[in-house]
Structures are given as structure tokens and as C-alpha cells.
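Data from data.pdb: PDB, C-alpha atoms
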ATOM      1  CA  MET A  90     -62.549   4.883 -22.321
ATOM      2  CA  ASN A  91     -64.456   6.297 -19.310
ATOM      3  CA  THR A  92     -62.853   8.504 -16.683
ATOM      4  CA  SER A  93     -62.317   5.751 -14.087
ATOM      5  CA  ARG A  94     -60.674   3.429 -16.606
ATOM      6  CA  LEU A  95     -58.464   6.249 -17.892
ATOM      7  CA  LEU A  96     -57.373   7.057 -14.344
ATOM      8  CA  ALA A  97     -56.603   3.404 -13.618
ATOM      9  CA  PHE A  98     -54.591   3.125 -16.852
ATOM     10  CA  CYS A  99     -52.532   6.245 -16.021
ATOM     11  CA  VAL A 100     -51.804   4.976 -12.509
ATOM     12  CA  SER A 101     -50.660   1.594 -13.818
ATOM     13  CA  CYS A 102     -48.388   3.271 -16.367
ATOM     14  CA  PHE A 103     -46.876   5.432 -13.621
ATOM     15  CA  LEU A 104     -46.259   2.404 -11.407
ATOM     16  CA  VAL A 105     -44.623   0.453 -14.227
ATOM     17  CA  SER A 106     -42.387   3.381 -15.157
ATOM     18  CA  SER A 107     -41.459   3.954 -11.517
ATOM     19  CA  VAL A 108     -40.489   0.333 -11.012
ATOM     20  CA  GLY A 109     -38.473   0.418 -14.204
ATOM     21  CA  ALA A 110     -36.651   3.574 -13.106
ATOM     22  CA  GLN A 111     -35.764   2.001  -9.776
ATOM     23  CA  ALA A 112     -34.706  -1.374 -11.154
ATOM     24  CA  PRO A 113     -31.076  -2.164 -10.383
ATOM     25  CA  GLU A 114     -28.568  -1.830 -13.183
ATOM     26  CA  ALA A 115     -27.757  -5.136 -14.875
ATOM     27  CA  TRP A 116     -24.015  -5.403 -14.234
ATOM     28  CA  PRO A 117     -21.841  -7.193 -15.077
ATOM     29  CA  THR A 118     -23.058  -8.844 -18.251
ATOM     30  CA  LYS A 119     -19.625  -9.307 -19.868
ATOM     31  CA  SER A 120     -15.952  -9.569 -18.966
ATOM     32  CA  ILE A 121     -14.237  -6.839 -16.927
ATOM     33  CA  THR A 122     -10.705  -5.557 -17.555
ATOM     34  CA  MET A 123      -8.500  -4.916 -14.521
ATOM     35  CA  VAL A 124      -5.681  -2.611 -15.602
ATOM     36  CA  VAL A 125      -2.434  -3.133 -13.685
ATOM     37  CA  PRO A 126      -0.281  -0.141 -14.679
ATOM     38  CA  PHE A 127       3.025  -1.995 -14.262
ATOM     39  CA  PRO A 128       4.698  -5.071 -15.780
ATOM     40  CA  PRO A 129       4.226  -8.502 -14.185
ATOM     41  CA  GLY A 130       6.313  -9.173 -11.092
ATOM     42  CA  GLY A 131       5.525  -6.119  -8.993
ATOM     43  CA  VAL A 132       3.245  -5.464  -6.029
ATOM     44  CA  ALA A 133       0.220  -4.302  -8.051
ATOM     45  CA  ASP A 134       0.405  -7.448 -10.168
ATOM     46  CA  ALA A 135       0.942  -9.712  -7.128
ATOM     47  CA  VAL A 136      -2.192  -8.289  -5.497
ATOM     48  CA  GLY A 137      -4.221  -7.752  -8.664
ATOM     49  CA  ARG A 138      -4.130 -11.303 -10.014
ATOM     50  CA  PRO A 139      -5.556 -13.150  -6.981
ATOM     51  CA  VAL A 140      -8.117 -10.385  -6.462
ATOM     52  CA  ALA A 141      -9.155 -10.568 -10.139
ATOM     53  CA  GLU A 142      -9.588 -14.344  -9.858
ATOM     54  CA  ALA A 143     -11.794 -13.926  -6.781
ATOM     55  CA  LEU A 144     -13.860 -11.159  -8.382
ATOM     56  CA  SER A 145     -14.449 -13.421 -11.392
ATOM     57  CA  ARG A 146     -15.980 -16.045  -9.120
ATOM     58  CA  ILE A 147     -17.982 -13.543  -7.074
ATOM     59  CA  LEU A 148     -19.362 -11.509  -9.998
ATOM     60  CA  GLY A 149     -19.892 -14.425 -12.373
ATOM     61  CA  GLN A 150     -17.956 -12.796 -15.217
ATOM     62  CA  PRO A 151     -14.243 -13.007 -16.156
ATOM     63  CA  VAL A 152     -12.037 -10.272 -14.682
ATOM     64  CA  VAL A 153      -9.034 -10.148 -17.000
ATOM     65  CA  VAL A 154      -5.753  -8.563 -15.873
ATOM     66  CA  GLU A 155      -4.162  -6.268 -18.459
ATOM     67  CA  ASN A 156      -0.638  -5.051 -17.659
ATOM     68  CA  LYS A 157      -0.257  -1.555 -19.097
ATOM     69  CA  PRO A 158       3.121  -0.165 -17.915
ATOM     70  CA  GLY A 159       4.826   3.145 -18.601
ATOM     71  CA  ALA A 160       5.483   6.561 -17.038
ATOM     72  CA  GLY A 161       5.741   5.116 -13.516
ATOM     73  CA  GLY A 162       2.220   3.729 -13.814
ATOM     74  CA  GLY A 163       0.774   6.928 -15.284
ATOM     75  CA  ILE A 164      -0.161   5.451 -18.659
ATOM     76  CA  GLY A 165      -2.314   2.686 -17.212
ATOM     77  CA  MET A 166      -3.843   4.914 -14.540
ATOM     78  CA  ALA A 167      -4.757   7.569 -17.108
ATOM     79  CA  SER A 168      -6.342   4.954 -19.383
ATOM     80  CA  VAL A 169      -8.779   3.993 -16.616
ATOM     81  CA  ALA A 170      -9.377   7.581 -15.485
ATOM     82  CA  LYS A 171     -10.466   8.448 -19.036
ATOM     83  CA  SER A 172     -12.359   5.214 -19.747
ATOM     84  CA  LYS A 173     -16.118   4.817 -20.034
ATOM     85  CA  PRO A 174     -17.592   4.775 -16.489
ATOM     86  CA  ASP A 175     -19.543   1.565 -16.996
ATOM     87  CA  GLY A 176     -17.748  -0.706 -14.521
ATOM     88  CA  TYR A 177     -16.009  -2.743 -17.202
ATOM     89  CA  THR A 178     -12.598  -1.096 -16.769
ATOM     90  CA  ILE A 179     -11.137  -1.073 -13.256
ATOM     91  CA  LEU A 180      -7.700  -0.222 -11.890
ATOM     92  CA  MET A 181      -5.396  -1.904  -9.384
ATOM     93  CA  ALA A 182      -3.095   0.957  -8.443
ATOM     94  CA  LEU A 183      -0.278   1.589  -6.008
ATOM     95  CA  SER A 184       0.312   4.654  -3.844
ATOM     96  CA  SER A 185       2.121   6.272  -6.792
ATOM     97  CA  ILE A 186      -1.348   7.243  -8.017
ATOM     98  CA  SER A 187      -1.148  10.076  -5.473
ATOM     99  CA  ILE A 188       2.200  11.238  -6.851
ATOM    100  CA  ILE A 189       1.921  11.254 -10.636
ATOM    101  CA  PRO A 190      -0.326  14.322 -11.212
ATOM    102  CA  GLU A 191       1.987  16.490  -9.088
ATOM    103  CA  ALA A 192       5.078  14.999 -10.745
ATOM    104  CA  ASP A 193       3.615  15.899 -14.160
ATOM    105  CA  LYS A 194       3.386  19.517 -13.055
ATOM    106  CA  ILE A 195       6.927  19.590 -11.700
ATOM    107  CA  VAL A 196       8.523  18.263 -14.885
ATOM    108  CA  GLY A 197       6.373  20.558 -17.036
ATOM    109  CA  ARG A 198       4.415  17.964 -18.993
ATOM    110  CA  GLU A 199       0.704  17.761 -19.637
ATOM    111  CA  GLN A 200      -1.031  16.071 -16.731
ATOM    112  CA  SER A 201      -1.999  12.525 -17.710
ATOM    113  CA  PHE A 202      -4.966  12.472 -15.318
ATOM    114  CA  GLN A 203      -6.438  14.184 -12.251
ATOM    115  CA  LEU A 204      -7.091  12.412  -8.972
ATOM    116  CA  ASN A 205     -10.754  13.465  -9.054
ATOM    117  CA  GLN A 206     -11.218  11.413 -12.243
ATOM    118  CA  LEU A 207     -10.955   8.246 -10.139
ATOM    119  CA  LYS A 208     -12.716   7.044  -7.008
ATOM    120  CA  PRO A 209     -11.472   4.412  -4.580
ATOM    121  CA  ILE A 210     -13.279   1.127  -4.065
ATOM    122  CA  ALA A 211     -11.059  -0.814  -1.661
ATOM    123  CA  ARG A 212      -7.535  -0.943  -0.288
ATOM    124  CA  PHE A 213      -6.175  -4.486  -0.073
ATOM    125  CA  THR A 214      -2.606  -4.125   1.204
ATOM    126  CA  ALA A 215      -0.386  -1.428   2.721
ATOM    127  CA  ASP A 216       3.224  -2.380   3.332
ATOM    128  CA  PRO A 217       6.383  -0.375   3.924
ATOM    129  CA  THR A 218       9.022  -0.557   1.223
ATOM    130  CA  VAL A 219      12.148  -2.558   2.033
ATOM    131  CA  LEU A 220      15.756  -1.613   1.219
ATOM    132  CA  VAL A 221      17.394  -4.601  -0.470
ATOM    133  CA  VAL A 222      20.783  -5.439  -1.992
ATOM    134  CA  ARG A 223      22.144  -8.591  -3.616
ATOM    135  CA  ALA A 224      23.168 -11.322  -1.207
ATOM    136  CA  ASP A 225      26.721 -11.234  -2.597
ATOM    137  CA  SER A 226      27.094  -7.486  -1.941
ATOM    138  CA  PRO A 227      29.622  -6.354   0.691
ATOM    139  CA  TRP A 228      26.860  -4.747   2.808
ATOM    140  CA  LYS A 229      25.678  -7.029   5.570
ATOM    141  CA  ASP A 230      23.603  -4.362   7.349
ATOM    142  CA  TYR A 231      22.443  -0.786   6.943
ATOM    143  CA  LYS A 232      25.446   0.620   8.828
ATOM    144  CA  SER A 233      27.910  -0.765   6.266
ATOM    145  CA  PHE A 234      25.642   0.309   3.405
ATOM    146  CA  ILE A 235      25.362   3.942   4.466
ATOM    147  CA  ALA A 236      29.099   4.133   5.206
ATOM    148  CA  ALA A 237      29.861   3.033   1.637
ATOM    149  CA  MET A 238      27.353   5.472   0.129
ATOM    150  CA  ARG A 239      28.770   8.442   2.043
ATOM    151  CA  ALA A 240      32.355   7.489   1.236
ATOM    152  CA  ASN A 241      31.656   7.043  -2.495
ATOM    153  CA  PRO A 242      29.088   9.613  -3.722
ATOM    154  CA  GLY A 243      27.772   8.660  -7.155
ATOM    155  CA  LYS A 244      29.657   5.353  -7.357
ATOM    156  CA  TYR A 245      26.582   3.233  -6.659
ATOM    157  CA  ASN A 246      23.098   3.246  -8.116
ATOM    158  CA  PHE A 247      19.559   2.166  -7.277
ATOM    159  CA  GLY A 248      16.727   0.981  -9.495
ATOM    160  CA  SER A 249      13.073   1.928  -9.419
ATOM    161  CA  SER A 250       9.766   1.360 -11.179
ATOM    162  CA  GLY A 251      10.041   4.821 -12.765
ATOM    163  CA  ASN A 252      10.511   8.483 -11.871
ATOM    164  CA  TYR A 253       8.434   9.505  -8.816
ATOM    165  CA  GLY A 254       7.126   5.954  -8.400
ATOM    166  CA  THR A 255       6.764   3.992  -5.175
ATOM    167  CA  MET A 256      10.326   2.665  -5.483
ATOM    168  CA  HIS A 257      11.844   6.040  -6.308
ATOM    169  CA  VAL A 258      10.225   8.315  -3.712
ATOM    170  CA  PRO A 259      11.316   6.357  -0.595
ATOM    171  CA  MET A 260      14.923   6.286  -1.817
ATOM    172  CA  GLU A 261      14.846  10.038  -2.367
ATOM    173  CA  MET A 262      13.486  10.406   1.171
ATOM    174  CA  LEU A 263      16.376   8.292   2.479
ATOM    175  CA  LYS A 264      18.994  10.190   0.453
ATOM    176  CA  SER A 265      17.684  13.510   1.733
ATOM    177  CA  SER A 266      17.503  12.374   5.349
ATOM    178  CA  GLU A 267      20.880  10.606   5.396
ATOM    179  CA  LYS A 268      22.677  13.037   3.091
ATOM    180  CA  PHE A 269      24.241  10.756   0.492
ATOM    181  CA  TYR A 270      24.092  10.439  -3.281
ATOM    182  CA  MET A 271      23.291   7.452  -5.485
ATOM    183  CA  VAL A 272      22.517   7.407  -9.204
ATOM    184  CA  HIS A 273      18.870   6.658 -10.022
ATOM    185  CA  ILE A 274      18.126   4.072 -12.745
ATOM    186  CA  PRO A 275      14.385   4.045 -13.604
ATOM    187  CA  TYR A 276      12.790   0.912 -15.070
ATOM    188  CA  THR A 277       9.212   0.358 -16.316
ATOM    189  CA  GLY A 278       8.149  -1.500 -13.165
ATOM    190  CA  ALA A 279       9.256  -3.402 -10.087
ATOM    191  CA  GLY A 280       9.689  -6.684 -11.979
ATOM    192  CA  PRO A 281      12.300  -5.329 -14.423
ATOM    193  CA  ALA A 282      14.004  -3.399 -11.602
ATOM    194  CA  ILE A 283      14.368  -6.590  -9.546
ATOM    195  CA  VAL A 284      15.813  -8.358 -12.601
ATOM    196  CA  GLY A 285      18.269  -5.453 -12.857
ATOM    197  CA  LEU A 286      19.295  -5.933  -9.219
ATOM    198  CA  LEU A 287      19.759  -9.684  -9.590
ATOM    199  CA  GLY A 288      21.719  -9.175 -12.806
ATOM    200  CA  GLY A 289      24.085  -6.633 -11.262
ATOM    201  CA  GLN A 290      22.873  -3.615 -13.241
ATOM    202  CA  VAL A 291      21.830  -1.810 -10.038
ATOM    203  CA  ASP A 292      23.159  -2.015  -6.488
ATOM    204  CA  ALA A 293      20.041  -1.507  -4.387
ATOM    205  CA  LEU A 294      16.240  -1.188  -4.468
ATOM    206  CA  ALA A 295      13.383  -0.014  -2.296
ATOM    207  CA  THR A 296      10.424  -2.279  -3.017
ATOM    208  CA  GLY A 297       7.367  -3.847  -1.429
ATOM    209  CA  PRO A 298       7.766  -7.109   0.521
ATOM    210  CA  SER A 299       5.494  -9.099  -1.798
ATOM    211  CA  SER A 300       7.691  -8.458  -4.850
ATOM    212  CA  ILE A 301      10.978  -9.447  -3.165
ATOM    213  CA  VAL A 302      10.292 -11.866  -0.289
ATOM    214  CA  GLN A 303      10.767 -14.990  -2.429
ATOM    215  CA  GLN A 304      14.172 -13.726  -3.589
ATOM    216  CA  ILE A 305      15.103 -13.115   0.051
ATOM    217  CA  LYS A 306      14.009 -16.631   1.036
ATOM    218  CA  ALA A 307      16.004 -18.053  -1.888
ATOM    219  CA  GLY A 308      19.139 -16.354  -0.570
ATOM    220  CA  LYS A 309      19.582 -14.132  -3.624
ATOM    221  CA  VAL A 310      18.761 -10.812  -1.948
ATOM    222  CA  ARG A 311      19.417  -9.303   1.475
ATOM    223  CA  ALA A 312      17.060  -6.876   3.228
ATOM    224  CA  LEU A 313      18.826  -4.148   5.227
ATOM    225  CA  ALA A 314      15.987  -1.981   6.569
ATOM    226  CA  HIS A 315      12.435  -0.877   5.856
ATOM    227  CA  TRP A 316      10.343   2.281   5.845
ATOM    228  CA  GLY A 317       7.686   1.041   8.289
ATOM    229  CA  ASP A 318       6.827   1.325  11.955
ATOM    230  CA  GLY A 319       7.943  -1.771  13.872
ATOM    231  CA  ARG A 320       9.058  -5.165  12.579
ATOM    232  CA  LEU A 321       7.433  -6.928   9.612
ATOM    233  CA  ALA A 322       5.905 -10.357  10.187
ATOM    234  CA  SER A 323       7.434 -11.649   6.933
ATOM    235  CA  MET A 324      10.971 -10.506   7.870
ATOM    236  CA  PRO A 325      11.126  -9.907  11.640
ATOM    237  CA  GLU A 326      14.915  -9.688  11.666
ATOM    238  CA  VAL A 327      14.926  -6.532   9.512
ATOM    239  CA  PRO A 328      14.919  -3.215  11.431
ATOM    240  CA  SER A 329      12.892  -0.170  10.453
ATOM    241  CA  PHE A 330      14.564   3.165   9.795
ATOM    242  CA  LYS A 331      12.400   4.605  12.532
ATOM    243  CA  GLU A 332      13.860   2.319  15.190
ATOM    244  CA  MET A 333      17.349   3.288  13.985
ATOM    245  CA  GLY A 334      16.493   6.933  14.635
ATOM    246  CA  ILE A 335      15.909   7.860  10.980
ATOM    247  CA  LYS A 336      12.541   9.597  10.831
ATOM    248  CA  ILE A 337      11.162   8.476   7.475
ATOM    249  CA  GLU A 338       8.175   6.270   6.664
ATOM    250  CA  PHE A 339       6.657   5.158   3.367
ATOM    251  CA  ALA A 340       3.908   2.637   2.638
ATOM    252  CA  GLN A 341       3.360   0.989  -0.727
ATOM    253  CA  TRP A 342      -0.337   0.157  -0.763
ATOM    254  CA  ALA A 343      -2.432  -1.512  -3.450
ATOM    255  CA  GLY A 344      -6.020  -0.465  -4.022
ATOM    256  CA  LEU A 345      -8.887  -0.780  -6.483
ATOM    257  CA  PHE A 346     -10.225   2.273  -8.363
ATOM    258  CA  ILE A 347     -12.871   3.058 -10.999
ATOM    259  CA  PRO A 348     -13.746   6.172 -13.032
ATOM    260  CA  SER A 349     -15.388   8.725 -10.738
ATOM    261  CA  ALA A 350     -18.532   9.042 -12.889
ATOM    262  CA  THR A 351     -19.432   5.358 -12.431
ATOM    263  CA  SER A 352     -22.994   4.965 -11.144
ATOM    264  CA  ASP A 353     -23.716   4.302  -7.478
ATOM    265  CA  SER A 354     -25.365   0.995  -8.407
ATOM    266  CA  ILE A 355     -22.249  -0.393 -10.081
ATOM    267  CA  THR A 356     -19.960   1.172  -7.469
ATOM    268  CA  ASN A 357     -21.818  -0.546  -4.637
ATOM    269  CA  LYS A 358     -21.839  -3.915  -6.413
ATOM    270  CA  LEU A 359     -18.083  -3.683  -6.938
ATOM    271  CA  ARG A 360     -17.553  -2.585  -3.315
ATOM    272  CA  ASP A 361     -19.486  -5.622  -2.101
ATOM    273  CA  ALA A 362     -17.497  -7.917  -4.390
ATOM    274  CA  ALA A 363     -14.189  -6.384  -3.250
ATOM    275  CA  LYS A 364     -15.187  -6.869   0.382
ATOM    276  CA  GLN A 365     -15.859 -10.562  -0.301
ATOM    277  CA  ALA A 366     -12.546 -10.879  -2.180
ATOM    278  CA  ALA A 367     -10.655  -9.431   0.793
ATOM    279  CA  VAL A 368     -11.814 -12.298   3.033
ATOM    280  CA  ASP A 369     -11.598 -14.970   0.345
ATOM    281  CA  ASP A 370      -9.380 -17.858   1.506
ATOM    282  CA  ARG A 371      -7.555 -18.139  -1.819
ATOM    283  CA  VAL A 372      -6.794 -14.404  -1.955
ATOM    284  CA  ARG A 373      -5.563 -14.284   1.626
ATOM    285  CA  SER A 374      -3.414 -17.385   1.145
ATOM    286  CA  VAL A 375      -1.708 -16.104  -2.022
ATOM    287  CA  ILE A 376      -1.107 -12.576  -0.734
ATOM    288  CA  ASN A 377      -0.003 -13.710   2.728
ATOM    289  CA  SER A 378       2.467 -16.171   1.212
ATOM    290  CA  ALA A 379       3.965 -13.268  -0.716
ATOM    291  CA  GLY A 380       4.704 -11.504   2.563
ATOM    292  CA  SER A 381       1.994  -8.882   2.238
ATOM    293  CA  PRO A 382      -0.972  -9.500   4.567
ATOM    294  CA  ILE A 383      -4.408  -8.129   3.706
ATOM    295  CA  GLN A 384      -5.011  -4.688   5.236
ATOM    296  CA  TYR A 385      -8.479  -4.005   3.853
ATOM    297  CA  LEU A 386     -10.233  -0.638   3.842
ATOM    298  CA  ASP A 387     -13.716  -0.162   2.366
ATOM    299  CA  ALA A 388     -14.348   2.823   0.077
ATOM    300  CA  PRO A 389     -15.251   5.498   2.709
ATOM    301  CA  GLU A 390     -12.271   4.683   4.954
ATOM    302  CA  PHE A 391      -9.980   4.268   1.965
ATOM    303  CA  LYS A 392     -11.030   7.702   0.658
ATOM    304  CA  VAL A 393     -10.095   9.355   3.973
ATOM    305  CA  TYR A 394      -6.769   7.511   4.011
ATOM    306  CA  TRP A 395      -6.063   8.370   0.355
ATOM    307  CA  ASP A 396      -6.889  12.077   0.756
ATOM    308  CA  LYS A 397      -4.507  12.415   3.707
ATOM    309  CA  GLU A 398      -1.701  10.500   2.037
ATOM    310  CA  SER A 399      -2.090  12.369  -1.262
ATOM    311  CA  SER A 400      -1.476  15.657   0.535
ATOM    312  CA  GLN A 401       1.685  14.236   2.131
ATOM    313  CA  MET A 402       2.945  12.819  -1.167
ATOM    314  CA  VAL A 403       2.516  16.171  -2.918
ATOM    315  CA  ASP A 404       4.772  17.783  -0.300
ATOM    316  CA  ILE A 405       7.393  15.040  -0.715
ATOM    317  CA  VAL A 406       7.401  15.307  -4.520
ATOM    318  CA  LYS A 407       7.802  19.086  -4.293
ATOM    319  CA  LYS A 408      10.861  18.581  -2.068
ATOM    320  CA  ILE A 409      12.357  16.096  -4.559
ATOM    321  CA  GLY A 410      11.853  18.603  -7.362
ATOM    322  CA  LYS A 411      12.432  18.031 -11.056
ATOM    323  CA  VAL A 412      14.048  14.737 -12.008
ATOM    324  CA  GLU A 413      15.436  14.379 -15.513
TER     325      GLU A 413
END

Let me see the structure of the file written as C-alpha cells.
Amino acid sequence: MNTSRLLAFCVSCFLVSSVGAQAPEAWPTKSITMVVPFPPGGVADAVGRPVAEALSRILGQPVVVENKPGAGGGIGMASVAKSKPDGYTILMALSSISIIPEADKIVGREQSFQLNQLKPIARFTADPTVLVVRADSPWKDYKSFIAAMRANPGKYNFGSSGNYGTMHVPMEMLKSSEKFYMVHIPYTGAGPAIVGLLGGQVDALATGPSSIVQQIKAGKVRALAHWGDGRLASMPEVPSFKEMGIKIEFAQWAGLFIPSATSDSITNKLRDAAKQAAVDDRVRSVINSAGSPIQYLDAPEFKVYWDKESSQMVDIVKKIGKVE
């Protein structure tokens, strides 16, 4: 081979290899697992299922929801944090993701995962938790509720999705601010906790609107107050603690995460798909009907929001201290 032909051959090889190196990653080529780290019936599940259905249509591969409850969501979250960063295992988490690593430290157990093992893709909802009691309870409003709690310390109890979870932390904030005592009964998720409320095993709950609004509409549950700022569109008659002069706020958001080592190519494809899912008519209809309107944040904005909130949640968990 003469010099000119050799040079031409080398150049062509370089161009082919360069194109190959820059070719986009082929993803997805198989089904994707969306881990929901709570049982069915809670906020993460209510948001995760319609989003998974939309992602299946957008990406052209099945997105299968796998409920993996336990440890206030820590088991499912850790499973994704430690999974292969190939885009085939994703996480629909709640704001408790910001709490669990610090809670692990406080109770003296090995940390199940670190926040830097996960990166945010999109926030879909962000709603204040709502204080609810059974419709047949003697408390018609928050004033009668707090009077009973103060007069009978330890007589009544409240349920949650687990220690330091998004149903536990707001109640601890309320107890600290209003200076009363209730017994805490942790369940494995919002769904079982709501069943406990309806069945009379617990007296009250703090939970997201989407997991309880149908029970309110059915006349089985009464909402007394919420941890937001202003009235909620799904229950405009319910006052916020803030407007009653009680300075506490807590939002239970639902967002999509993946392992932090996932490639930029896959990350961007999933971001684009999540953005399309957030405006999908079916997703918006299902989530809106559950009383939890879409409040979408793309990855960069969600990361800023998450970093700020995580810092606040660490301070709150430290104030709560060790819970047995």
C-alpha cells in the first residue's frame, strides 16, 4: 500500500471510530423498573403509576412499577441508589428521601444510602400534608382537636408511613410547636396507615392530599388543617396552620431519581421523557383528580430545590432526635 493510500485508510478509520464514539447510547432496549418504596395506596404510588404508564408510551418500552416498602421508604430507595446505573432501575421517591440518611445516623444504624448516590430527574408534585381524623370522631375542627390532645396527653395516637417519614415528621413538628403528646404508631406506608385510621386503630394522620381526598369526598374522613401556605384547591374549606398563627410548613413532594453514575445520554433521555409525561393529558387528569396538581420541576431546578430542602429536613430530624 503506497503512502497516500495508507494515509487515506488511517483517516477513514479515525472518522469511523470517532462517529462510533459519539453515537448516542441505545436506551431503552428492554423494560424499566420504577421502584416505589412504599406499599400501594400512598402518594408515591398514586403519582408513580400514571407517570410509569406515560413513560412506557413515550420511551417505547414497559415501565413496570415495583412496590418495595420498608424502613420508611429506605429499603426501596437504597436498592435504587446501589443499583447498576444503566437507566433500567428508576425511583419515584417522596421528600422522606432527604430525611432517611440523617435518621440512620441518629438511631445509630448503618446508613442505607447517601444522597449523593442518587440524582434528581424531575419533580412531579409538591403538596402540603393534611391533618385528618375519622368523620365519626368528636373533633369537628382543629380547635377541638388540640384541646383534646392537651387535656389528655398520651391518650390518643397517630399513624405514619414509618419513623422519620413524610407522615411522621410533620406531626412531630406540630407536637413540638403546639406542645402536646400523642403516641406514634408507624406503619409500612401511607396505605396501611390510612386503613388503620379507617379501622379505628389510630386517631389521626398527616398525609398527602392525593392519598386521602377520596376518603374525604366519601365522608369517611375529616380534614382539620394542613401544613401549606394558603388554601388547597382540592379542599378550599380547610385552613392552613400558618393562617391560624402556627408557624409550621411541610410539603410532601414526589420526584423521579436515578443512580448518580448514570450516563449523561441516558439521563437526558429520561429527563426529556419525564418532561413529556408531566404535560401528558392522562397523567394530569389522574393526578389532578386525586387532589394533587402537577408542580413540575426539571432536573436543574429540582436539584436546587432538593438541596435546600434537604438541609432543612436534617435540622428538623435533629430536633426530633432518636425515636424508638

Shell around Gln304 (chain A) at 12 Å using all atoms listed in the file, local window under 5 positions removed, as a PyMOL selection string: chain A and resi 130+221-224+280+283-284+286-287+298-299+309-312+379-380

Give me the residues of region 201-275 of chain A that have any atom at most 12 Å from an atom of region 172-189 of chain A; for each, the nearest atom pair and the distance in Å, rounded to one decimal. Use all atoms listed in the file, sort by chain and number, and format it as JSON lines.
{"residue": "A:Ser201", "atom": "CA", "partner": "A:Ile189", "partner_atom": "CA", "distance": 8.2}
{"residue": "A:Phe202", "atom": "CA", "partner": "A:Ile189", "partner_atom": "CA", "distance": 8.4}
{"residue": "A:Gln203", "atom": "CA", "partner": "A:Ile189", "partner_atom": "CA", "distance": 9.0}
{"residue": "A:Leu204", "atom": "CA", "partner": "A:Ser187", "partner_atom": "CA", "distance": 7.3}
{"residue": "A:Asn205", "atom": "CA", "partner": "A:Ser187", "partner_atom": "CA", "distance": 10.8}
{"residue": "A:Gln206", "atom": "CA", "partner": "A:Ser172", "partner_atom": "CA", "distance": 9.8}
{"residue": "A:Leu207", "atom": "CA", "partner": "A:Leu180", "partner_atom": "CA", "distance": 9.2}
{"residue": "A:Lys208", "atom": "CA", "partner": "A:Leu180", "partner_atom": "CA", "distance": 10.1}
{"residue": "A:Pro209", "atom": "CA", "partner": "A:Leu180", "partner_atom": "CA", "distance": 9.4}
{"residue": "A:Ile210", "atom": "CA", "partner": "A:Ile179", "partner_atom": "CA", "distance": 9.7}
{"residue": "A:Ala211", "atom": "CA", "partner": "A:Met181", "partner_atom": "CA", "distance": 9.6}
{"residue": "A:Arg212", "atom": "CA", "partner": "A:Met181", "partner_atom": "CA", "distance": 9.4}
{"residue": "A:Phe213", "atom": "CA", "partner": "A:Met181", "partner_atom": "CA", "distance": 9.7}
{"residue": "A:Thr214", "atom": "CA", "partner": "A:Leu183", "partner_atom": "CA", "distance": 9.5}
{"residue": "A:Ala215", "atom": "CA", "partner": "A:Ser184", "partner_atom": "CA", "distance": 9.0}
{"residue": "A:Asp216", "atom": "CA", "partner": "A:Ser184", "partner_atom": "CA", "distance": 10.5}
{"residue": "A:Pro217", "atom": "CA", "partner": "A:Ser184", "partner_atom": "CA", "distance": 11.1}
{"residue": "A:Thr218", "atom": "CA", "partner": "A:Ser184", "partner_atom": "CA", "distance": 11.3}
{"residue": "A:Ser250", "atom": "CA", "partner": "A:Ser185", "partner_atom": "CA", "distance": 10.1}
{"residue": "A:Gly251", "atom": "CA", "partner": "A:Ser185", "partner_atom": "CA", "distance": 10.0}
{"residue": "A:Asn252", "atom": "CA", "partner": "A:Ile189", "partner_atom": "CA", "distance": 9.1}
{"residue": "A:Tyr253", "atom": "CA", "partner": "A:Ile188", "partner_atom": "CA", "distance": 6.8}
{"residue": "A:Gly254", "atom": "CA", "partner": "A:Ser185", "partner_atom": "CA", "distance": 5.3}
{"residue": "A:Thr255", "atom": "CA", "partner": "A:Ser185", "partner_atom": "CA", "distance": 5.4}
{"residue": "A:Met256", "atom": "CA", "partner": "A:Ser185", "partner_atom": "CA", "distance": 9.1}
{"residue": "A:His257", "atom": "CA", "partner": "A:Ser185", "partner_atom": "CA", "distance": 9.7}
{"residue": "A:Val258", "atom": "CA", "partner": "A:Ser185", "partner_atom": "CA", "distance": 8.9}
{"residue": "A:Pro259", "atom": "CA", "partner": "A:Ser185", "partner_atom": "CA", "distance": 11.1}

Which residues, named as in the file, does the PyMOL selection byres ((chain A and resi 245) around 10) pick out? Answer as a ChimeraX atom specification. /A:237-238,241-244,246-247,270-273,291-293

Quick one: pull the distance between CA of Ile383 (chain A) and CA of Glu191 (chain A), Å, one decimal. 28.5 Å

If you apply the PyMOL selection byres ((chain A and resi 118-121) around 10) to this file, what residues do you get, as a ChimeraX atom specification? /A:115-117,122-124,141,144-145,148-154,175-179

Point-to-point distance from CA of Pro281 (chain A) to CA of Pro128 (chain A), Å rounded to tenths: 7.7 Å

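Once the PyMOL selection byres ((chain A and resi 165) around 10) is applied to the depicted file, the selected set reads Val124, Val125, Pro126, Phe127, Glu155, Asn156, Lys157, Pro158, Gly159, Ala160, Gly161, Gly162, Gly163, Ile164, Met166, Ala167, Ser168, Val169, Ala170, Leu180, Met181, Ala182 and Ser201 of chain A.
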
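Counting only C-alpha atoms and comparing A:Lys336, A:Lys194, A:Lys306, A:Lys392, the residue that lies closest to Met324 (chain A) is A:Lys306.
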
Please build the interface table for region 296-362 of chain A against region 262-269 of chain A with a cut-off of 12 Å, listing for each qualifying residue the nearest atom pair and the distance in Å to one decimal; count all atoms listed in the file, order rows by chain and increasing number, and write it as CSV.
residue,atom,partner,partner_atom,distance
A:Ala314,CA,A:Leu263,CA,11.1
A:His315,CA,A:Leu263,CA,10.5
A:Trp316,CA,A:Leu263,CA,9.2
A:Phe330,CA,A:Leu263,CA,9.1
A:Lys331,CA,A:Leu263,CA,11.4
A:Met333,CA,A:Glu267,CA,11.8
A:Gly334,CA,A:Ser266,CA,10.8
A:Ile335,CA,A:Ser266,CA,7.4
A:Lys336,CA,A:Ser266,CA,7.9
A:Ile337,CA,A:Met262,CA,7.0
A:Glu338,CA,A:Met262,CA,8.7
A:Phe339,CA,A:Met262,CA,8.9

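CA of Gln290 (chain A) is found 8.5 Å from CA of Gly248 (chain A).
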